[in-house]
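Student: Contents of protein-v8.txt (compact mmCIF, C-alpha atoms) are below:
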```txt
# COMPACT_ATOMS: atom_id res chain seq x y z
CA LEU Q 3 101.20 69.09 89.90
CA SER Q 4 101.87 68.56 93.53
CA LEU Q 5 101.55 71.24 96.17
CA ARG Q 6 105.31 71.30 96.68
CA MET Q 7 105.93 71.97 92.97
CA LEU Q 8 103.33 74.77 92.93
CA TYR Q 9 104.99 76.39 95.93
CA PHE Q 10 108.42 76.13 94.26
CA LEU Q 11 107.02 77.58 91.00
CA PHE Q 12 105.35 80.43 92.92
CA ALA Q 13 108.61 81.21 94.73
CA ILE Q 14 110.55 81.42 91.46
CA VAL Q 15 107.93 83.60 89.77
CA SER Q 16 107.67 85.96 92.77
CA PHE Q 17 111.46 86.28 92.94
CA LEU Q 18 111.66 87.12 89.23
CA VAL Q 19 108.82 89.66 89.46
CA THR Q 20 110.22 91.44 92.53
CA SER Q 21 113.75 91.58 91.16
CA ALA Q 22 112.56 92.81 87.76
CA PHE Q 23 110.46 95.61 89.26
CA SER Q 24 112.85 96.63 92.05
CA LEU Q 25 113.39 100.38 92.18
CA ASN Q 26 116.87 101.86 92.18
CA CYS Q 27 117.42 103.57 95.56
CA SER Q 28 118.82 106.72 93.96
CA HIS Q 29 115.45 107.24 92.22
CA LEU Q 30 113.41 107.38 95.44
CA GLN Q 31 111.19 110.42 95.91
CA PRO Q 32 111.92 112.84 98.78
CA GLY Q 33 110.30 111.58 101.97
CA PHE Q 34 111.25 107.96 101.29
CA TYR Q 35 114.84 108.54 102.39
CA ILE Q 36 116.89 110.65 104.78
CA CYS Q 37 120.38 111.91 104.01
CA ASP Q 38 123.15 112.98 106.35
CA ASN Q 39 122.78 116.62 107.31
CA VAL Q 40 125.60 118.25 105.39
CA ASN Q 41 126.02 121.97 104.78
CA SER Q 42 126.21 122.28 101.00
CA LEU Q 43 127.83 125.71 101.24
CA SER Q 44 130.73 124.25 103.18
CA PRO Q 45 133.81 123.57 101.05
CA ASP Q 46 134.68 120.47 103.11
CA ASN Q 47 134.95 117.31 100.95
CA CYS Q 48 133.93 119.28 97.86
CA SER Q 49 135.43 117.96 94.63
CA SER Q 50 136.83 120.25 91.97
CA SER Q 51 133.73 119.54 89.86
CA GLY Q 52 131.61 121.27 92.52
CA PHE Q 53 129.83 118.22 93.96
CA LYS Q 54 130.05 116.35 97.26
CA ALA Q 55 128.80 112.85 98.07
CA ILE Q 56 126.23 112.52 100.88
CA GLN Q 57 125.18 109.17 102.39
CA CYS Q 58 121.41 108.52 102.24
CA TYR Q 59 119.26 106.00 104.12
CA PRO Q 60 115.95 104.68 102.69
CA ALA Q 61 113.02 104.78 105.14
CA PRO Q 62 112.05 101.60 107.04
CA ASN Q 63 110.24 98.96 104.95
CA VAL Q 64 111.15 100.63 101.64
CA ARG Q 65 112.20 98.17 98.92
CA CYS Q 66 114.87 99.30 96.50
CA ASN Q 67 117.95 97.76 94.92
CA GLY Q 68 116.33 94.36 95.51
CA LYS Q 69 116.14 94.49 99.30
CA VAL Q 70 114.03 95.95 102.10
CA PHE Q 71 115.72 98.61 104.23
CA ASP Q 72 115.39 99.25 107.95
CA GLY Q 73 116.11 103.02 108.00
CA ILE Q 74 119.58 102.53 109.50
CA THR Q 75 121.39 100.78 106.65
CA PRO Q 76 122.86 103.15 104.03
CA GLY Q 77 121.24 102.71 100.63
CA PHE Q 78 122.89 105.10 98.22
CA TRP Q 79 125.00 108.21 97.74
CA LYS Q 80 123.43 111.51 96.71
CA TYR Q 81 125.55 114.15 95.00
CA GLU Q 82 124.84 117.77 95.86
CA ARG Q 83 126.41 120.96 94.63
CA CYS Q 84 128.93 122.65 96.89
CA LEU Q 85 131.31 125.59 96.83
CA PHE Q 86 134.69 124.36 95.67
CA LYS Q 87 137.46 126.57 97.05
CA ASN Q 88 141.13 126.17 96.51
CA GLY Q 89 141.73 128.72 99.23
CA THR Q 90 144.46 130.67 97.48
CA ARG Q 91 142.59 133.71 96.17
CA ARG Q 92 140.77 136.04 98.56
CA PHE Q 93 137.84 138.14 97.40
CA ASP Q 94 138.74 141.27 99.34
CA ILE Q 95 142.30 141.32 97.99
CA ALA Q 96 141.07 140.78 94.42
CA LEU Q 97 138.64 143.68 94.76
CA LEU Q 98 141.27 145.98 96.25
CA CYS Q 99 143.72 145.04 93.47
CA SER Q 100 141.05 145.80 90.91
CA VAL Q 101 140.18 149.21 92.35
CA PHE Q 102 143.68 150.51 93.03
CA LEU Q 103 145.94 148.57 90.63
CA GLY Q 104 143.48 147.35 88.02
CA ILE Q 105 144.64 149.93 85.48
CA ILE Q 106 147.93 148.05 85.14
CA GLY Q 107 146.31 144.59 85.27
CA VAL Q 108 147.40 143.46 88.73
CA ASP Q 109 143.91 142.10 89.45
CA ARG Q 110 144.08 139.74 86.46
CA PHE Q 111 147.57 138.58 87.44
CA TYR Q 112 146.32 137.93 90.99
CA LEU Q 113 143.37 135.85 89.76
CA GLY Q 114 145.63 133.75 87.54
CA TYR Q 115 145.05 135.30 84.10
CA PRO Q 116 148.55 136.47 83.08
CA ALA Q 117 147.79 136.94 79.37
CA LEU Q 118 144.82 139.19 80.13
CA GLY Q 119 146.93 141.01 82.71
CA LEU Q 120 149.58 141.80 80.09
CA ILE Q 121 146.98 143.02 77.60
CA LYS Q 122 145.37 145.16 80.29
CA LEU Q 123 148.80 146.52 81.28
CA SER Q 124 149.74 147.43 77.72
CA SER Q 125 146.39 149.10 76.97
CA PHE Q 126 146.27 151.12 80.21
CA GLY Q 127 143.28 149.21 81.53
CA GLY Q 128 141.55 149.06 78.15
CA LEU Q 129 141.48 152.87 78.10
CA LEU Q 130 139.90 152.76 81.57
CA VAL Q 131 136.79 150.98 80.28
CA TRP Q 132 138.14 147.48 81.01
CA TRP Q 133 139.34 148.67 84.41
CA LEU Q 134 135.85 149.92 85.39
CA LEU Q 135 134.23 146.78 83.98
CA ASP Q 136 136.57 144.53 85.97
CA ILE Q 137 135.72 146.35 89.20
CA VAL Q 138 132.04 145.56 88.64
CA LEU Q 139 132.71 141.97 87.53
CA ILE Q 140 134.92 141.20 90.52
CA ALA Q 141 132.57 142.96 92.98
CA THR Q 142 129.65 140.85 91.73
CA GLN Q 143 131.85 137.71 91.77
CA THR Q 144 131.25 137.11 88.06
CA ILE Q 145 134.99 136.75 87.51
CA GLY Q 146 136.78 134.37 89.84
CA PRO Q 147 140.11 132.56 90.11
CA SER Q 148 141.34 130.82 86.96
CA ASP Q 149 141.24 127.36 88.58
CA GLN Q 150 137.41 127.61 88.70
CA SER Q 151 137.38 127.54 92.50
CA GLY Q 152 135.48 130.01 94.61
CA TYR Q 153 137.04 132.91 96.40
CA ALA Q 154 138.41 132.31 99.88
CA MET Q 155 135.98 134.51 101.83
CA LEU Q 156 136.19 135.85 105.31
CA SER Q 157 133.56 134.41 107.65
CA TYR Q 158 131.28 137.41 107.11
CA GLY Q 159 131.77 137.62 103.34
CA PRO Q 160 128.78 137.06 101.06
CA TYR Q 161 128.74 134.16 98.61
CA GLN Q 162 127.02 134.57 95.28
CA ILE Q 163 124.43 131.85 94.67
CA LYS Q 164 122.50 131.76 91.40
CA LEU Q 165 118.93 130.47 91.48
CA ALA Q 166 117.84 128.74 88.27
CA VAL Q 167 114.23 127.90 87.46
CA ALA Q 168 113.46 125.21 84.88
CA ASN Q 169 110.35 124.96 82.70
CA SER Q 170 108.71 122.64 85.22
CA THR Q 171 109.25 125.32 87.92
CA PHE Q 172 111.57 122.98 89.79
CA ARG Q 173 114.08 125.13 91.62
CA GLU Q 174 117.66 124.12 92.08
CA ILE Q 175 120.43 126.16 93.63
CA ILE Q 176 123.35 126.43 91.28
CA HIS Q 177 126.50 127.91 92.72
CA SER Q 178 128.33 130.27 90.45
CA GLU Q 179 131.58 128.99 89.03
CA LEU Q 180 133.96 131.42 90.60
```
Spell out the structure here as structure tokens.
Tutor:
Amino acid sequence: LSLRMLYFLFAIVSFLVTSAFSLNCSHLQPGFYICDNVNSLSPDNCSSSGFKAIQCYPAPNVRCNGKVFDGITPGFWKYERCLFKNGTRRFDIALLCSVFLGIIGVDRFYLGYPALGLIKLSSFGGLLVWWLLDIVLIATQTIGPSDQSGYAMLSYGPYQIKLAVANSTFREIIHSEL
């Protein structure tokens, strides 16, 4: 074999090896990429599924998706949880409806549950038990609007965020489905 043929064979083998073992950019470990600084609690660009896409940039000289990145070129999209809000149901109004008019089911009508509102109306607030339970459930933001969006909060209003811990003690913030 000539030297030229060995070089050509080496180039083909190295190309096949590097392309076969190239890492997918979305599987990079933290520290090997930087994402745009986006506030995940902000409802801007949040889909109805509760996720928003964030552009991420692999660090310089990191090889993934079959190429080497320079730290400026975008490499992949990361999807993070966010608070989806439709903006039509306010928390303070829902709580006030529940406290003062919850006996006749106005709170359930306001949140978009007309069938439950009629049942609550006809049973006088579930003999006052359902009325008291709904006050607690709305105050703790366990019950939200029927379209699965979050409450439209005033700027000083608290958001409920649930913290889930998996078996591997990896912590992930999961926003409640209000």
Student: Enter the distance from CA of Val64 in chain Q to CA of Phe10 in chain Q, in Å, rounded to one decimal.
Tutor: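 Going from CA of Val64 in chain Q over to CA of Phe10 in chain Q, I get 25.7 Å.
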Student: Tell me which protein, DNA and RNA residues are within 8 Å of range 126-129 of chain Q, counting all atoms listed in the file, leaving out same-chain ones fewer than 6 positions away, and put them as a list in words.
Tutor: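 Residues near the query, excluding close chain neighbours: Gly104, Ile105, Ile106 and Gly107 of chain Q.
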Student: Output C-alpha atoms for every residue in that selection, as a compact mmCIF listing (two decimals), keeping the file's coordinate frame.
Tutor:
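Listed below is the output, out35.txt:
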```txt
# COMPACT_ATOMS: atom_id res chain seq x y z
CA GLY Q 104 143.48 147.35 88.02
CA ILE Q 105 144.64 149.93 85.48
CA ILE Q 106 147.93 148.05 85.14
CA GLY Q 107 146.31 144.59 85.27
```
Student: Using all atoms listed in the file, which of the listed residues (Q:Ala154, Q:Leu30, Q:Ile145, Q:Ala96) sits closest to Tyr112 in chain Q?
Tutor: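 For Tyr112 in chain Q, the nearest of the candidates is Q:Ala96.
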Student: Got a sec: who's within 7 Å of range 70-87 of chain Q, counting all atoms listed in the file, leaving out chain neighbours fewer than 4 positions off, as a ChimeraX atom specification?
Tutor: /Q:27-28,42-45,48-50,52-66,151-154,177
Student: Could you please determine the separation between CA of Leu135 in chain Q and CA of Ser51 in chain Q in Å, to one decimal place?
Tutor: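 Atom-to-atom, CA of Leu135 in chain Q and CA of Ser51 in chain Q are spaced 27.9 Å apart.
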Student: Would you mind telling me which residue in Q:Thr90, Q:Ile95, Q:Asp109, Q:Leu103 lies nearest to Gln150 in chain Q when using only C-alpha atoms?
Tutor: Q:Thr90
Student: To one decimal place, how far is CA of Leu8 in chain Q from CA of Gly68 in chain Q in Å?
Tutor: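 Between these atoms lies a distance of 23.7 Å.
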Student: Counting only C-alpha atoms, which residue out of Q:Thr144, Q:Leu118, Q:Phe12, Q:Asp136 sits closest to Cys99 in chain Q?
Tutor: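 Distance minimum relative to Cys99 in chain Q lands on Q:Asp136.
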